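Participant: My structure is in entry31.json, and what it holds is JSON, C-alpha atoms and all ligand atoms:
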```json
[["chain", "number", "residue", "atom", "x", "y", "z"],
["A", 291, "MET", "CA", -3.34, 26.04, 28.05],
["A", 292, "SER", "CA", -3.45, 28.98, 25.62],
["A", 293, "ILE", "CA", -5.09, 28.50, 22.21],
["A", 294, "LEU", "CA", -2.74, 31.19, 20.92],
["A", 295, "ASP", "CA", 0.28, 29.02, 21.74],
["A", 296, "HIS", "CA", -0.60, 26.38, 19.16],
["A", 297, "SER", "CA", 1.34, 23.15, 18.95],
["A", 298, "GLY", "CA", -0.45, 21.13, 16.29],
["A", 299, "PRO", "CA", -2.08, 21.53, 12.87],
["A", 300, "ALA", "CA", -5.66, 21.64, 14.20],
["A", 301, "ALA", "CA", -4.78, 24.26, 16.81],
["A", 302, "ARG", "CA", -2.87, 26.26, 14.19],
["A", 303, "ALA", "CA", -5.88, 26.27, 11.85],
["A", 304, "GLN", "CA", -8.13, 27.31, 14.73],
["A", 305, "PHE", "CA", -5.68, 30.06, 15.64],
["A", 306, "TRP", "CA", -6.14, 31.57, 12.17],
["A", 307, "VAL", "CA", -9.93, 31.21, 12.39],
["A", 308, "TRP", "CA", -9.69, 33.09, 15.68],
["A", 309, "TRP", "CA", -7.76, 35.95, 14.06],
["A", 310, "ALA", "CA", -10.05, 36.02, 11.00],
["A", 311, "MET", "CA", -13.09, 36.25, 13.25],
["A", 312, "LEU", "CA", -11.53, 39.01, 15.29],
["A", 313, "ILE", "CA", -10.60, 41.04, 12.21],
["A", 314, "VAL", "CA", -13.98, 40.58, 10.47],
["A", 315, "THR", "CA", -15.81, 41.40, 13.70],
["A", 316, "VAL", "CA", -13.79, 44.57, 14.20],
["A", 317, "VAL", "CA", -14.33, 45.71, 10.59],
["A", 318, "VAL", "CA", -18.09, 45.01, 10.70],
["A", 319, "SER", "CA", -18.51, 46.65, 14.12],
["A", 320, "LEU", "CA", -16.57, 49.76, 13.10],
["A", 321, "SER", "CA", -18.64, 50.09, 9.91],
["A", 322, "VAL", "CA", -21.87, 49.87, 11.88],
["A", 323, "TYR", "CA", -20.68, 52.45, 14.43],
["A", 324, "ALA", "CA", -19.58, 54.76, 11.60],
["A", 325, "LEU", "CA", -23.03, 54.55, 9.97],
["A", 326, "TRP", "CA", -24.67, 55.12, 13.31],
["A", 327, "LEU", "CA", -22.63, 58.31, 13.87],
["A", 328, "TYR", "CA", -23.40, 59.36, 10.30],
["A", 329, "THR", "CA", -27.13, 59.36, 11.06],
["A", 330, "PHE", "CA", -26.55, 62.01, 13.75],
["A", 331, "ARG", "CA", -24.54, 64.24, 11.44],
["A", 332, "ARG", "CA", -27.17, 64.78, 8.80],
["A", 333, "ARG", "CA", -28.82, 68.12, 9.16],
["A", 334, "GLU", "CA", -31.52, 68.65, 6.56],
["A", 335, "GLN", "CA", -33.97, 66.03, 5.39],
["A", 336, "PRO", "CA", -34.24, 66.34, 1.60],
["A", 337, "GLN", "CA", -37.73, 66.12, 0.16],
["A", 338, "ARG", "CA", -38.31, 62.65, -1.31],
["A", 339, "THR", "CA", -41.22, 60.97, -2.99],
["A", 340, "PRO", "CA", -42.54, 57.76, -1.33],
["A", 341, "ARG", "CA", -41.08, 55.84, -4.27],
["A", 342, "GLU", "CA", -37.58, 57.25, -3.60],
["A", 343, "GLU", "CA", -37.97, 56.49, 0.11],
["A", 344, "ARG", "CA", -38.79, 52.88, -0.71],
["A", 345, "HIS", "CA", -35.80, 52.64, -2.97],
["A", 346, "ILE", "CA", -33.41, 53.89, -0.30],
["A", 347, "MET", "CA", -34.92, 51.57, 2.29],
["A", 348, "LEU", "CA", -34.60, 48.61, -0.07],
["A", 349, "ARG", "CA", -30.97, 49.49, -0.70],
["A", 350, "TRP", "CA", -30.21, 49.41, 3.03],
["A", 351, "VAL", "CA", -32.07, 46.16, 3.56],
["A", 352, "LEU", "CA", -30.30, 44.45, 0.65],
["A", 353, "GLY", "CA", -26.90, 45.96, 1.36],
["A", 354, "GLY", "CA", -26.74, 45.98, 5.15],
["A", 355, "GLY", "CA", -29.15, 43.17, 5.91],
["A", 356, "ILE", "CA", -28.20, 40.62, 3.25],
["A", 357, "ALA", "CA", -25.02, 41.48, 1.33],
["A", 358, "LEU", "CA", -22.89, 42.48, 4.34],
["A", 359, "PRO", "CA", -23.70, 39.36, 6.44],
["A", 360, "VAL", "CA", -23.32, 37.08, 3.40],
["A", 361, "VAL", "CA", -19.91, 38.51, 2.53],
["A", 362, "SER", "CA", -18.69, 38.36, 6.16],
["A", 363, "ILE", "CA", -19.98, 34.83, 6.74],
["A", 364, "VAL", "CA", -18.55, 33.52, 3.47],
["A", 365, "ALA", "CA", -15.21, 35.10, 4.34],
["A", 366, "LEU", "CA", -15.25, 33.31, 7.70],
["A", 367, "LEU", "CA", -16.37, 30.04, 6.13],
["A", 368, "VAL", "CA", -13.32, 30.09, 3.86],
["A", 369, "PHE", "CA", -11.24, 29.90, 7.04],
["A", 370, "ALA", "CA", -13.52, 27.72, 9.14],
["A", 371, "ALA", "CA", -14.54, 24.94, 6.74],
["A", 372, "PRO", "CA", -11.02, 23.54, 6.11],
["A", 373, "THR", "CA", -10.33, 23.79, 9.85],
["A", 374, "GLY", "CA", -13.33, 21.67, 10.71],
["A", 375, "ARG", "CA", -12.43, 19.23, 7.96],
["A", 376, "SER", "CA", -8.89, 18.83, 9.25],
["A", 377, "MET", "CA", -10.25, 17.40, 12.51],
["A", 378, "LEU", "CA", -12.45, 14.78, 10.83],
["A", 379, "PRO", "CA", -11.25, 11.17, 10.96],
["A", 380, "LEU", "CA", -10.89, 10.89, 7.16],
["A", 381, "PRO", "CA", -8.94, 7.99, 5.62],
["A", 382, "LEU", "CA", -5.19, 8.57, 5.62],
["A", 383, "PRO", "CA", -2.85, 7.67, 2.77],
["A", 384, "GLU", "CA", -0.34, 6.18, 5.23],
["A", 385, "GLY", "CA", -2.83, 3.80, 6.87],
["A", 386, "GLU", "CA", -4.69, 3.99, 10.14],
["A", 387, "ALA", "CA", -4.33, 6.79, 12.66],
["A", 388, "GLU", "CA", -3.55, 5.84, 16.26],
["A", 389, "ARG", "CA", -6.82, 5.39, 18.15],
["A", 390, "ILE", "CA", -7.37, 6.40, 21.75],
["A", 391, "GLU", "CA", -10.69, 6.33, 23.59],
["A", 392, "VAL", "CA", -11.55, 9.09, 26.04],
["A", 393, "ILE", "CA", -14.54, 8.72, 28.35],
["A", 394, "GLY", "CA", -15.79, 11.55, 30.55],
["A", 395, "HIS", "CA", -17.00, 10.87, 34.08],
["A", 396, "GLN", "CA", -18.08, 13.14, 36.92],
["A", 397, "TRP", "CA", -15.30, 14.26, 37.45],
["A", 398, "TRP", "CA", -12.43, 12.43, 35.90],
["A", 399, "TRP", "CA", -11.14, 11.14, 32.58],
["A", 400, "GLU", "CA", -10.96, 7.51, 31.58],
["A", 401, "ILE", "CA", -8.40, 6.86, 28.82],
["A", 402, "ARG", "CA", -8.37, 3.56, 26.96],
["A", 403, "TYR", "CA", -5.91, 2.17, 24.43],
["A", 404, "PRO", "CA", -7.82, -0.68, 22.78],
["A", 405, "GLY", "CA", -5.75, -3.79, 22.15],
["A", 406, "GLU", "CA", -5.60, -5.83, 18.98],
["A", 407, "GLU", "CA", -7.18, -9.28, 19.12],
["A", 408, "GLY", "CA", -6.00, -11.19, 22.16],
["A", 409, "GLU", "CA", -4.30, -8.12, 23.63],
["A", 410, "ARG", "CA", -5.32, -6.37, 26.81],
["A", 411, "ASP", "CA", -6.84, -2.90, 26.67],
["A", 412, "VAL", "CA", -4.60, -0.45, 28.45],
["A", 413, "VAL", "CA", -6.70, 1.67, 30.78],
["A", 414, "THR", "CA", -5.58, 4.71, 32.70],
["A", 415, "ALA", "CA", -7.09, 7.87, 34.14],
["A", 416, "ASN", "CA", -6.52, 11.63, 34.07],
["A", 417, "ARG", "CA", -3.35, 11.23, 32.08],
["A", 418, "LEU", "CA", -3.33, 11.02, 28.32],
["A", 419, "VAL", "CA", -0.18, 9.81, 26.60],
["A", 420, "MET", "CA", 0.00, 10.16, 22.82],
["A", 421, "PRO", "CA", 2.62, 9.95, 20.07],
["A", 422, "ALA", "CA", 4.10, 13.10, 18.49],
["A", 423, "GLY", "CA", 4.07, 14.07, 14.83],
["A", 424, "GLU", "CA", 1.21, 11.86, 13.68],
["A", 425, "PRO", "CA", -2.57, 12.13, 13.67],
["A", 426, "VAL", "CA", -4.40, 10.56, 16.60],
["A", 427, "ASP", "CA", -8.12, 9.79, 16.46],
["A", 428, "PHE", "CA", -9.77, 10.37, 19.80],
["A", 429, "ARG", "CA", -13.01, 8.46, 20.11],
["A", 430, "ILE", "CA", -14.93, 10.25, 22.79],
["A", 431, "THR", "CA", -18.05, 9.71, 24.83],
["A", 432, "SER", "CA", -19.37, 10.24, 28.33],
["A", 433, "GLU", "CA", -20.60, 7.92, 31.05],
["A", 434, "ASP", "CA", -22.96, 10.35, 32.78],
["A", 435, "VAL", "CA", -23.50, 14.00, 31.79],
["A", 436, "ILE", "CA", -22.16, 16.14, 28.94],
["A", 437, "HIS", "CA", -18.46, 16.96, 29.28],
["A", 438, "ALA", "CA", -16.16, 18.47, 26.64],
["A", 439, "PHE", "CA", -12.76, 17.26, 25.52],
["A", 440, "TRP", "CA", -10.36, 20.14, 25.04],
["A", 441, "ILE", "CA", -6.59, 20.29, 24.72],
["A", 442, "PRO", "CA", -6.20, 24.01, 23.99],
["A", 443, "ARG", "CA", -2.70, 23.82, 22.49],
["A", 444, "LEU", "CA", -3.61, 20.92, 20.18],
["A", 445, "GLY", "CA", -7.10, 22.00, 19.14],
["A", 446, "GLY", "CA", -10.64, 20.94, 19.82],
["A", 447, "LYS", "CA", -13.02, 21.17, 21.58],
["A", 448, "ARG", "CA", -15.66, 18.47, 21.26],
["A", 449, "ASP", "CA", -18.67, 17.71, 23.42],
["A", 450, "MET", "CA", -18.70, 14.29, 25.08],
["A", 451, "ILE", "CA", -22.28, 13.12, 24.98],
["A", 452, "PRO", "CA", -23.59, 10.12, 26.94],
["A", 453, "GLY", "CA", -24.68, 7.31, 24.64],
["A", 454, "ARG", "CA", -22.94, 8.79, 21.61],
["A", 455, "HIS", "CA", -19.45, 8.34, 20.21],
["A", 456, "SER", "CA", -17.70, 10.93, 18.13],
["A", 457, "THR", "CA", -14.19, 11.14, 16.82],
["A", 458, "ILE", "CA", -11.86, 14.10, 16.70],
["A", 459, "ARG", "CA", -8.46, 13.98, 15.03],
["A", 460, "LEU", "CA", -5.62, 15.90, 16.67],
["A", 461, "GLU", "CA", -1.89, 15.94, 16.18],
["A", 462, "ALA", "CA", 0.96, 17.28, 18.29],
["A", 463, "ASP", "CA", 4.00, 18.68, 16.47],
["A", 464, "VAL", "CA", 6.58, 17.79, 19.07],
["A", 465, "PRO", "CA", 6.86, 15.92, 22.39],
["A", 466, "GLY", "CA", 5.86, 17.87, 25.46],
["A", 467, "VAL", "CA", 3.41, 18.22, 28.30],
["A", 468, "PHE", "CA", 0.13, 20.01, 27.77],
["A", 469, "GLY", "CA", -2.75, 20.97, 30.01],
["A", 470, "ALA", "CA", -6.31, 20.03, 29.16],
["A", 471, "GLN", "CA", -9.57, 20.76, 30.87],
["A", 472, "CYS", "CA", -13.18, 19.71, 30.67],
["A", 473, "ALA", "CA", -14.80, 22.55, 28.75],
["A", 474, "GLU", "CA", -18.48, 22.02, 29.49],
["A", 475, "TYR", "CA", -20.00, 22.73, 32.89],
["A", 476, "CYS", "CA", -20.71, 19.26, 34.23],
["A", 477, "GLY", "CA", -21.51, 19.77, 37.90],
["A", 478, "ALA", "CA", -19.98, 21.01, 41.13],
["A", 479, "GLN", "CA", -16.45, 19.76, 40.44],
["A", 480, "HIS", "CA", -16.23, 20.76, 36.78],
["A", 481, "THR", "CA", -13.16, 22.88, 37.67],
["A", 482, "HIS", "CA", -11.44, 19.82, 39.09],
["A", 483, "MET", "CA", -11.57, 17.89, 35.85],
["A", 484, "LEU", "CA", -8.08, 18.39, 34.54],
["A", 485, "LEU", "CA", -6.31, 16.15, 32.13],
["A", 486, "HIS", "CA", -2.55, 15.85, 31.95],
["A", 487, "VAL", "CA", -1.44, 15.31, 28.36],
["A", 488, "GLU", "CA", 1.99, 13.88, 27.58],
["A", 489, "VAL", "CA", 3.22, 13.74, 24.03],
["A", 490, "LEU", "CA", 6.05, 11.25, 23.47],
["A", 491, "GLU", "CA", 8.22, 10.30, 20.52],
["A", 492, "ARG", "CA", 6.80, 7.24, 18.76],
["A", 493, "ASP", "CA", 9.40, 4.86, 20.28],
["A", 494, "ALA", "CA", 8.81, 6.10, 23.81],
["A", 495, "TYR", "CA", 5.07, 5.91, 23.24],
["A", 496, "ASP", "CA", 5.29, 2.30, 22.03],
["A", 497, "ALA", "CA", 7.42, 1.41, 25.05],
["A", 498, "TRP", "CA", 4.99, 3.15, 27.42],
["A", 499, "LEU", "CA", 2.12, 1.18, 25.91],
["A", 500, "ALA", "CA", 3.98, -2.15, 25.78],
["A", 501, "GLU", "CA", 4.84, -1.89, 29.48],
["A", 502, "ARG", "CA", 1.16, -1.65, 30.29],
["A", 503, "ARG", "CA", 0.01, -4.12, 27.67],
["A", 504, "SER", "CA", 2.14, -6.99, 29.00],
["A", 505, "PRO", "CA", 0.54, -9.34, 31.56],
["A", 506, "PRO", "CA", 0.62, -7.85, 35.09],
["A", 507, "VAL", "CA", 3.33, -9.10, 37.41],
["A", 508, "PRO", "CA", 1.92, -10.94, 40.45],
["A", 509, "GLN", "CA", 1.79, -8.55, 43.39],
["A", 510, "GLU", "CA", 3.78, -9.31, 46.51],
["A", 511, "GLY", "CA", 3.83, -7.86, 50.01],
["A", 512, "PHE", "CA", 1.32, -5.33, 51.31],
["A", 513, "ASP", "CA", -0.97, -8.23, 52.25],
["A", 514, "GLN", "CA", -3.08, -6.23, 54.68],
["A", 515, "ALA", "CA", -3.39, -3.32, 52.29],
["A", 516, "ARG", "CA", -4.50, -5.58, 49.46],
["A", 517, "GLU", "CA", -6.99, -7.35, 51.67],
["A", 518, "ALA", "CA", -8.45, -4.00, 52.78],
["A", 519, "PHE", "CA", -8.52, -2.82, 49.16],
["A", 520, "GLY", "CA", -10.44, -5.96, 48.21],
["A", 521, "GLU", "CA", -12.94, -5.26, 50.96],
["A", 522, "HIS", "CA", -13.40, -1.50, 50.63],
["A", 523, "CYS", "CA", -12.30, -0.40, 47.15],
["A", 524, "ALA", "CA", -12.36, -3.23, 44.63],
["A", 525, "ALA", "CA", -16.10, -2.99, 43.99],
["A", 526, "CYS", "CA", -15.47, 0.25, 42.06],
["A", 527, "HIS", "CA", -11.76, 0.28, 41.27],
["A", 528, "THR", "CA", -9.79, -2.15, 39.15],
["A", 529, "VAL", "CA", -6.12, -3.01, 39.52],
["A", 530, "ALA", "CA", -4.71, -5.22, 36.78],
["A", 531, "GLY", "CA", -3.69, -8.60, 38.19],
["A", 532, "PHE", "CA", -5.54, -8.10, 41.49],
["A", 533, "PRO", "CA", -6.57, -11.57, 42.71],
["A", 534, "ASP", "CA", -10.31, -12.21, 42.38],
["A", 535, "GLU", "CA", -10.52, -14.08, 45.67],
["A", 536, "LEU", "CA", -9.70, -10.88, 47.55],
["A", 537, "VAL", "CA", -12.59, -8.92, 46.06],
["A", 538, "VAL", "CA", -15.49, -8.57, 48.49],
["A", 539, "ASP", "CA", -18.29, -7.15, 46.38],
["A", 540, "ASP", "CA", -21.11, -6.29, 48.73],
["A", 541, "LEU", "CA", -22.07, -2.95, 47.23],
["A", 542, "GLU", "CA", -25.22, -2.76, 45.18],
["A", 543, "HIS", "CA", -24.30, -0.13, 42.65],
["A", 544, "ASP", "CA", -22.56, 0.11, 39.33],
["A", 545, "ILE", "CA", -20.44, 3.20, 39.85],
["A", 546, "ARG", "CA", -17.14, 2.78, 38.09],
["A", 547, "GLY", "CA", -14.15, 4.50, 39.65],
["A", 548, "PRO", "CA", -10.84, 5.09, 37.91],
["A", 549, "ASP", "CA", -8.72, 2.05, 37.03],
["A", 550, "LEU", "CA", -5.77, 2.20, 39.42],
["A", 551, "SER", "CA", -3.39, -0.21, 37.68],
["A", 552, "ASP", "CA", -0.68, 2.44, 37.10],
["A", 553, "ILE", "CA", -1.75, 5.06, 39.65],
["A", 554, "GLY", "CA", 1.76, 5.29, 41.10],
["A", 555, "SER", "CA", 3.03, 6.69, 37.79],
["A", 556, "ARG", "CA", 0.36, 9.38, 37.38],
["A", 557, "PRO", "CA", 1.31, 13.00, 37.96],
["A", 558, "THR", "CA", -1.79, 14.03, 39.93],
["A", 559, "LEU", "CA", -4.59, 12.69, 42.09],
["A", 560, "GLY", "CA", -8.28, 13.47, 41.81],
["A", 561, "ALA", "CA", -7.92, 14.81, 38.23],
["A", 562, "GLY", "CA", -5.50, 17.56, 39.12],
["A", 563, "VAL", "CA", -6.44, 18.18, 42.76],
["A", 564, "LEU", "CA", -3.19, 16.99, 44.41],
["A", 565, "PRO", "CA", 0.29, 16.45, 42.99],
["A", 566, "MET", "CA", 1.34, 12.82, 43.30],
["A", 567, "GLU", "CA", 4.00, 12.60, 46.00],
["A", 568, "GLU", "CA", 4.77, 10.33, 48.90],
["A", 569, "GLY", "CA", 1.78, 10.03, 51.21],
["A", 570, "ALA", "CA", -0.53, 11.85, 48.80],
["A", 571, "ILE", "CA", -2.82, 8.87, 48.19],
["A", 572, "ALA", "CA", -3.34, 8.24, 51.92],
["A", 573, "TYR", "CA", -4.06, 11.95, 52.40],
["A", 574, "TRP", "CA", -6.51, 11.88, 49.49],
["A", 575, "LEU", "CA", -8.26, 8.78, 50.90],
["A", 576, "GLN", "CA", -8.85, 10.60, 54.19],
["A", 577, "HIS", "CA", -9.75, 14.06, 52.92],
["A", 578, "HIS", "CA", -11.09, 13.60, 49.39],
["A", 579, "GLN", "CA", -14.56, 14.86, 50.27],
["A", 580, "THR", "CA", -13.03, 18.10, 51.61],
["A", 581, "LEU", "CA", -10.57, 18.44, 48.73],
["A", 582, "LYS", "CA", -13.17, 17.67, 46.06],
["A", 583, "PRO", "CA", -16.62, 17.83, 47.66],
["A", 584, "GLY", "CA", -19.33, 15.76, 46.03],
["A", 585, "ASN", "CA", -17.00, 13.38, 44.19],
["A", 586, "ARG", "CA", -18.52, 9.94, 43.77],
["A", 587, "MET", "CA", -16.16, 8.14, 46.18],
["A", 588, "PRO", "CA", -17.90, 7.76, 49.54],
["A", 589, "PRO", "CA", -16.16, 9.13, 52.66],
["A", 590, "HIS", "CA", -13.97, 6.64, 54.51],
["A", 591, "HIS", "CA", -14.87, 7.46, 58.13],
["A", 592, "HIS", "CA", -15.54, 3.78, 58.79],
["A", 593, "ILE", "CA", -11.97, 2.79, 57.89],
["A", 594, "ASP", "CA", -9.19, 3.53, 60.35],
["A", 595, "THR", "CA", -6.35, 5.84, 59.39],
["A", 596, "GLU", "CA", -3.72, 3.14, 59.57],
["A", 597, "THR", "CA", -5.56, 1.01, 57.03],
["A", 598, "LEU", "CA", -5.99, 3.97, 54.69],
["A", 599, "GLN", "CA", -2.26, 4.71, 54.98],
["A", 600, "ASP", "CA", -1.54, 1.08, 54.21],
["A", 601, "ILE", "CA", -3.73, 1.14, 51.12],
["A", 602, "GLY", "CA", -2.15, 4.43, 50.04],
["A", 603, "ALA", "CA", 1.38, 3.11, 50.47],
["A", 604, "TRP", "CA", 0.55, 0.05, 48.39],
["A", 605, "LEU", "CA", -1.19, 2.01, 45.62],
["A", 606, "GLU", "CA", 1.85, 4.28, 45.31],
["A", 607, "THR", "CA", 3.90, 1.27, 44.29],
["A", 608, "LEU", "CA", 1.59, 0.48, 41.39],
["A", 609, "GLU", "CA", 3.52, 1.18, 38.24],
["A", 610, "PRO", "CA", 3.91, -1.07, 35.29],
["B", 701, "LIG", "CU1", -16.65, 17.48, 32.92],
["B", 701, "LIG", "CU2", -16.93, 19.82, 33.01]]
```
Could you show the structure in this file as structure tokens?
Ligand code: CUA

Facilitator:
Amino acid sequence: MSILDHSGPAARAQFWVWWAMLIVTVVVSLSVYALWLYTFRRREQPQRTPREERHIMLRWVLGGGIALPVVSIVALLVFAAPTGRSMLPLPLPEGEAERIEVIGHQWWWEIRYPGEEGERDVVTANRLVMPAGEPVDFRITSEDVIHAFWIPRLGGKRDMIPGRHSTIRLEADVPGVFGAQCAEYCGAQHTHMLLHVEVLERDAYDAWLAERRSPPVPQEGFDQAREAFGEHCAACHTVAGFPDELVVDDLEHDIRGPDLSDIGSRPTLGAGVLPMEEGAIAYWLQHHQTLKPGNRMPPHHHIDTETLQDIGAWLETLEP
């Protein structure tokens, strides 16, 4: 997750801004310390008229108070302005950039791939898949408090503000896996708001998306688990293709939990709390309030362990 290990044009530009700032800061600081030491070294005060005194004072005010900051800030702007511009969603000569929506929640990431007319939106959570070698416009917002979208090796960051959409353009040079993290304190579990970023070649990306875009296959087996899911979970969580008649919606709230349609294929649970492995979902369902205290999913004391294990075993099979 190091900004110094850049892997995209935006991150590279920011890397140079970082160095420019460091160098300018060091030069300015050293000059100020040198002048400060110089004031101690002077021995005799020469006799000066009030007019001369004023002149000297004016010189320091103009030189140190105006010229020096202006020169340093302009020097930094030369680096910073093009960097900021490179992340704007400006029109591209080769057509539209890929568009991905990222929505911050306490404390997880909702990722949406809007469909063309008549197509389904692909929705996933805590895992961002994007194509390599081309600009991607991330349209970001938040559902509750201010979060910040930050993929250190690709560039950023950008605040995610409830009720407002903003777009940041990022590009990854090559396929790979990158870490990302919410970069704005957003409550008790801010630390546990990790995002797993996977950059794929265009073909692999298209295939990944197409798999999820196609109509869900009717689910079979796990009847008890699905019934229990409909009763206890479906008021907040969506699973593509889950039959409506199984949904028992008796909760009077509008909390939206992560879409679980492809949960079996995600690398982690709870936005980076547990690695996804056999039995992990059942364990999470029983201990999530200990693993990630305060998360919005209510404790499941009223559901017996066997049912939770059933639900977990079924959810693990959910892959496109
Ligand atoms: Cu979300 Cu910090």

Participant: Compile the contact shell of region 582-593 of chain A as a ChimeraX atom specification: residues with an atom at most 9 Å away, counting only C-alpha atoms, same-chain residues fewer than 6 positions apart removed.

Facilitator: /A:396-397,478-479,482,522,526,545,547,560,563,575-576

Participant: With C-alpha atoms retained, could you export that selection as a compact mmCIF listing (two decimals), in the frame of the given file?

Facilitator:
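Once written, part.txt looks like this:
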```txt
# COMPACT_ATOMS: atom_id res chain seq x y z
CA GLN A 396 -18.08 13.14 36.92
CA TRP A 397 -15.30 14.26 37.45
CA ALA A 478 -19.98 21.01 41.13
CA GLN A 479 -16.45 19.76 40.44
CA HIS A 482 -11.44 19.82 39.09
CA HIS A 522 -13.40 -1.50 50.63
CA CYS A 526 -15.47 0.25 42.06
CA ILE A 545 -20.44 3.20 39.85
CA GLY A 547 -14.15 4.50 39.65
CA GLY A 560 -8.28 13.47 41.81
CA VAL A 563 -6.44 18.18 42.76
CA LEU A 575 -8.26 8.78 50.90
CA GLN A 576 -8.85 10.60 54.19
```

Participant: Expressed in Å to a single decimal, how great is the separation between CA of Glu488 (chain A) and CA of Gln599 (chain A)?

Facilitator: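 Interatomic distance here is 29.2 Å.
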
Participant: Please give the centre and size of the box around region 589-599 of chain A (axis-aligned, containing every atom listed in the file, 3 Å added per side), with values in Å to one decimal and written as JSON.

Facilitator:
```
{"center_x": -9.2, "center_y": 5.1, "center_z": 56.5, "size_x": 19.9, "size_y": 14.1, "size_z": 13.7}
```

Participant: Within 6 Å of Ile401 (chain A), counting only C-alpha atoms, which residues qualify if same-chain residues fewer than 3 places away don't, as a list in words?

Facilitator: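 Listing them by chain and then by number gives Glu391, Val392, Val413, Thr414 and Ala415 of chain A.
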
Participant: Could you dump the residues just selected with C-alpha atoms as a tab-separated table (two decimals), keeping the file's coordinate frame?

Facilitator:
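To be explicit, this is the file written out as selection-v3.tsv:
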```tsv
chain	number	residue	atom	x	y	z
A	391	GLU	CA	-10.69	6.33	23.59
A	392	VAL	CA	-11.55	9.09	26.04
A	413	VAL	CA	-6.70	1.67	30.78
A	414	THR	CA	-5.58	4.71	32.70
A	415	ALA	CA	-7.09	7.87	34.14
```

Participant: Determine, counting only C-alpha atoms, which protein, DNA and RNA residues have an atom within 12 Å of an atom of Gln304 (chain A); residues of the same chain fewer than 5 positions away are not included. Present the result as a short mmCIF file (atom, residue, chain, number, x, y, z; two decimals) with C-alpha atoms, keeping the file's coordinate frame.

Facilitator:
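Final output, saved to part.cif:
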```
data_model
loop_
_atom_site.label_atom_id
_atom_site.label_comp_id
_atom_site.auth_asym_id
_atom_site.auth_seq_id
_atom_site.Cartn_x
_atom_site.Cartn_y
_atom_site.Cartn_z
CA SER A 292 -3.45 28.98 25.62
CA ILE A 293 -5.09 28.50 22.21
CA LEU A 294 -2.74 31.19 20.92
CA ASP A 295 0.28 29.02 21.74
CA HIS A 296 -0.60 26.38 19.16
CA SER A 297 1.34 23.15 18.95
CA GLY A 298 -0.45 21.13 16.29
CA PRO A 299 -2.08 21.53 12.87
CA TRP A 309 -7.76 35.95 14.06
CA ALA A 310 -10.05 36.02 11.00
CA MET A 311 -13.09 36.25 13.25
CA LEU A 366 -15.25 33.31 7.70
CA PHE A 369 -11.24 29.90 7.04
CA ALA A 370 -13.52 27.72 9.14
CA ALA A 371 -14.54 24.94 6.74
CA PRO A 372 -11.02 23.54 6.11
CA THR A 373 -10.33 23.79 9.85
CA GLY A 374 -13.33 21.67 10.71
CA ARG A 375 -12.43 19.23 7.96
CA SER A 376 -8.89 18.83 9.25
CA MET A 377 -10.25 17.40 12.51
CA PRO A 442 -6.20 24.01 23.99
CA ARG A 443 -2.70 23.82 22.49
CA LEU A 444 -3.61 20.92 20.18
CA GLY A 445 -7.10 22.00 19.14
CA GLY A 446 -10.64 20.94 19.82
CA LYS A 447 -13.02 21.17 21.58
CA LEU A 460 -5.62 15.90 16.67
#
```

Participant: Select the residues contacting ligand LIG 701 (chain B) at a distance of at most 7 Å, based on all atoms listed in the file, then format the selection as a list in words.

Facilitator: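 Written in the requested form, the residues are Gly394, His395, Gln396, Trp397, Ile436, His437, Ala438, Cys472, Ala473, Glu474, Tyr475, Cys476, Gly477, His480, Thr481 and Met483 of chain A.
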